[in-house]
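Reviewing the structure listed below.
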Amino acid sequence: MIIRGGENIYPREIEEFLYLHPKVHDVHVVGVPDEKYGEQVLAAIQLKEGVSAAADEFIEFCQGKIARHKIPKYWEFVRGFPMTASGKVQKYRLREMFAEKVKAAC
């Protein structure tokens with residue numbers, strides 16, 4: 001669960017919605033640290049082979065369909081995800097990777 005400014009946000013809910021986008025192969029949502037809200041929502045998206053996309057396209061896709069506070073502030077396009085030996089995504093590693101990147105961008 002991501003707690004953004006006192007609101008509980010469930011990553012699975014956002015992931016299931018983003019899977020509806022025709023360019024998405026895989027997606028994982030994590031919370032990254034934020035000074036103002038405590039956490040912000042970040043979506044790491046693996047696109048389908050041979051397509052490209054921009055964050056604006058996904059923001060537009062979300063507007064009016066999910067609550068504003070659930071629309072990810074950060075969008076990262078990745079080729080793959082850190083996995084365990086049993087094939088599960090290591091969300092804590094995603095959070096660590098992108099927390100440093102977001103912090104450096106601020």
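Naming works like this for the structure tokens: A, B, ... for the chains as they're shown, residue 1 at the start of each chain, ligands 1 onward in shown order.
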Pick out each residue of chain A that DSSP on the backbone tags as alpha helix (DSSP H); I need them as a PDB file with C-alpha atoms, in the first residue's frame.
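Done, and the output landed in selection_22.pdb:
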```pdb
ATOM      1  CA  PRO A  11      -0.813  -0.440  -6.360  1.00  0.00           C
ATOM      2  CA  ARG A  12      -2.699  -3.483  -7.663  1.00  0.00           C
ATOM      3  CA  GLU A  13      -5.729  -1.336  -8.508  1.00  0.00           C
ATOM      4  CA  ILE A  14      -3.616   1.028 -10.629  1.00  0.00           C
ATOM      5  CA  GLU A  15      -1.721  -1.854 -12.237  1.00  0.00           C
ATOM      6  CA  GLU A  16      -4.950  -3.578 -13.282  1.00  0.00           C
ATOM      7  CA  PHE A  17      -6.198  -0.346 -14.830  1.00  0.00           C
ATOM      8  CA  LEU A  18      -2.945   0.292 -16.714  1.00  0.00           C
ATOM      9  CA  ALA A  55       4.164   9.679 -20.028  1.00  0.00           C
ATOM     10  CA  ASP A  56       1.656  12.223 -21.383  1.00  0.00           C
ATOM     11  CA  GLU A  57      -0.125   9.455 -23.276  1.00  0.00           C
ATOM     12  CA  PHE A  58      -0.610   7.467 -20.075  1.00  0.00           C
ATOM     13  CA  ILE A  59      -1.670  10.513 -18.052  1.00  0.00           C
ATOM     14  CA  GLU A  60      -4.331  11.259 -20.662  1.00  0.00           C
ATOM     15  CA  PHE A  61      -5.407   7.597 -20.578  1.00  0.00           C
ATOM     16  CA  CYS A  62      -5.927   7.817 -16.794  1.00  0.00           C
ATOM     17  CA  LYS A  91       9.138  -4.392  -5.804  1.00  0.00           C
ATOM     18  CA  TYR A  92      11.437  -3.252  -3.002  1.00  0.00           C
ATOM     19  CA  ARG A  93      14.293  -3.133  -5.545  1.00  0.00           C
ATOM     20  CA  LEU A  94      12.126  -1.131  -7.961  1.00  0.00           C
ATOM     21  CA  ARG A  95      11.367   1.313  -5.158  1.00  0.00           C
ATOM     22  CA  GLU A  96      15.079   1.633  -4.301  1.00  0.00           C
ATOM     23  CA  MET A  97      16.137   2.101  -7.944  1.00  0.00           C
ATOM     24  CA  PHE A  98      13.635   4.820  -8.691  1.00  0.00           C
ATOM     25  CA  ALA A  99      13.704   6.541  -5.291  1.00  0.00           C
ATOM     26  CA  GLU A 100      17.320   7.534  -5.965  1.00  0.00           C
ATOM     27  CA  LYS A 101      16.483   8.688  -9.493  1.00  0.00           C
ATOM     28  CA  VAL A 102      13.478  10.760  -8.319  1.00  0.00           C
ATOM     29  CA  LYS A 103      15.514  12.271  -5.491  1.00  0.00           C
ATOM     30  CA  ALA A 104      18.281  13.262  -7.913  1.00  0.00           C
ATOM     31  CA  ALA A 105      15.741  14.869 -10.257  1.00  0.00           C
TER      32      ALA A 105
END
```
If we count only C-alpha atoms, what is near Gly80 (chain A) at a cut-off of 10 Å, once residues fewer than 2 positions away on the same chain are taken out, given as a list of chain:residue names? A:Asp26, A:Val27, A:Ala44, A:Ile45, A:Gln46, A:Leu47, A:Phe77, A:Val78, A:Pro82, A:Met83, A:Val89
Limited to C-alpha atoms, could you put the picked residues into a file as a PDB file, in the first residue's frame?
```pdb
ATOM      1  CA  ASP A  26       3.767  -5.463 -17.956  1.00  0.00           C
ATOM      2  CA  VAL A  27       3.442  -2.801 -15.261  1.00  0.00           C
ATOM      3  CA  ALA A  44       7.218   1.260 -14.119  1.00  0.00           C
ATOM      4  CA  ILE A  45       5.959   0.114 -17.495  1.00  0.00           C
ATOM      5  CA  GLN A  46       7.341  -2.489 -19.863  1.00  0.00           C
ATOM      6  CA  LEU A  47       5.909  -1.734 -23.291  1.00  0.00           C
ATOM      7  CA  PHE A  77       9.648   2.853 -19.115  1.00  0.00           C
ATOM      8  CA  VAL A  78      11.761  -0.246 -18.505  1.00  0.00           C
ATOM      9  CA  PRO A  82      14.312  -7.205 -11.013  1.00  0.00           C
ATOM     10  CA  MET A  83      13.157 -10.754 -10.301  1.00  0.00           C
ATOM     11  CA  VAL A  89       9.131  -9.094  -9.223  1.00  0.00           C
TER      12      VAL A  89
END
```
In Å to one decimal, how far is CA of Gln90 (chain A) from CA of Arg68 (chain A)? 26.7 Å
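Nearest residue to Phe81 (chain A), choosing from A:His21, A:Arg4, A:His28, A:Lys65 and counting only C-alpha atoms: A:His28.
In this comparison, which uses only C-alpha atoms, the residue of A:Trp75, A:Ala67, A:Lys23, A:Asn8 approaching Glu49 (chain A) most closely is A:Lys23.
The shell of residues at most 9 Å from Lys73 (chain A), with only C-alpha atoms counted and near chain neighbours (fewer than 2 positions) removed, consists of Gln40, Val41, Leu42, Ala43, Ile59, His69, Lys70, Ile71 and Trp75 of chain A.
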Output the selection as a PDB file, in the first residue's frame - N, CA and C atoms for each residue.
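Output file part19.pdb follows:
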```pdb
ATOM      1  N   GLN A  40       4.900   9.277  -3.271  1.00  0.00           N
ATOM      2  CA  GLN A  40       4.264   9.559  -4.554  1.00  0.00           C
ATOM      3  C   GLN A  40       4.165   8.245  -5.312  1.00  0.00           C
ATOM      4  N   VAL A  41       3.263   8.202  -6.263  1.00  0.00           N
ATOM      5  CA  VAL A  41       3.025   6.990  -7.044  1.00  0.00           C
ATOM      6  C   VAL A  41       3.941   6.998  -8.270  1.00  0.00           C
ATOM      7  N   LEU A  42       4.611   5.874  -8.498  1.00  0.00           N
ATOM      8  CA  LEU A  42       5.461   5.688  -9.672  1.00  0.00           C
ATOM      9  C   LEU A  42       5.016   4.417 -10.390  1.00  0.00           C
ATOM     10  N   ALA A  43       4.832   4.529 -11.701  1.00  0.00           N
ATOM     11  CA  ALA A  43       4.485   3.362 -12.511  1.00  0.00           C
ATOM     12  C   ALA A  43       5.682   3.001 -13.380  1.00  0.00           C
ATOM     13  N   ILE A  59      -0.931   9.578 -18.909  1.00  0.00           N
ATOM     14  CA  ILE A  59      -1.670  10.513 -18.052  1.00  0.00           C
ATOM     15  C   ILE A  59      -3.044  10.779 -18.661  1.00  0.00           C
ATOM     16  N   HIS A  69      -5.696  11.528  -7.459  1.00  0.00           N
ATOM     17  CA  HIS A  69      -4.585  11.220  -6.549  1.00  0.00           C
ATOM     18  C   HIS A  69      -3.970   9.843  -6.829  1.00  0.00           C
ATOM     19  N   LYS A  70      -4.634   9.022  -7.640  1.00  0.00           N
ATOM     20  CA  LYS A  70      -4.101   7.700  -7.979  1.00  0.00           C
ATOM     21  C   LYS A  70      -3.300   7.708  -9.277  1.00  0.00           C
ATOM     22  N   ILE A  71      -3.392   8.773 -10.038  1.00  0.00           N
ATOM     23  CA  ILE A  71      -2.620   8.857 -11.288  1.00  0.00           C
ATOM     24  C   ILE A  71      -1.156   9.022 -10.917  1.00  0.00           C
ATOM     25  N   TRP A  75       6.563   8.290 -14.214  1.00  0.00           N
ATOM     26  CA  TRP A  75       6.394   7.211 -15.192  1.00  0.00           C
ATOM     27  C   TRP A  75       7.773   6.796 -15.663  1.00  0.00           C
TER      28      TRP A  75
END
```
For the strand (DSSP E or B) assignment from backbone DSSP, which residues of region 1-100 of chain A qualify? Please present them as an MDAnalysis selection string. chainID A and resid 2:4 7:9 24:34 38:47 74:77 83 89
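From CA of Lys48 (chain A) back to CA of Tyr74 (chain A), the distance works out to 19.5 Å.
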List the neighbours of Tyr37 (chain A) out to 8 Å using only C-alpha atoms; skip same-chain residues closer than 2 positions along the sequence, and give me the result as a PyMOL selection string. chain A and resi 4-6+34-35+39-40
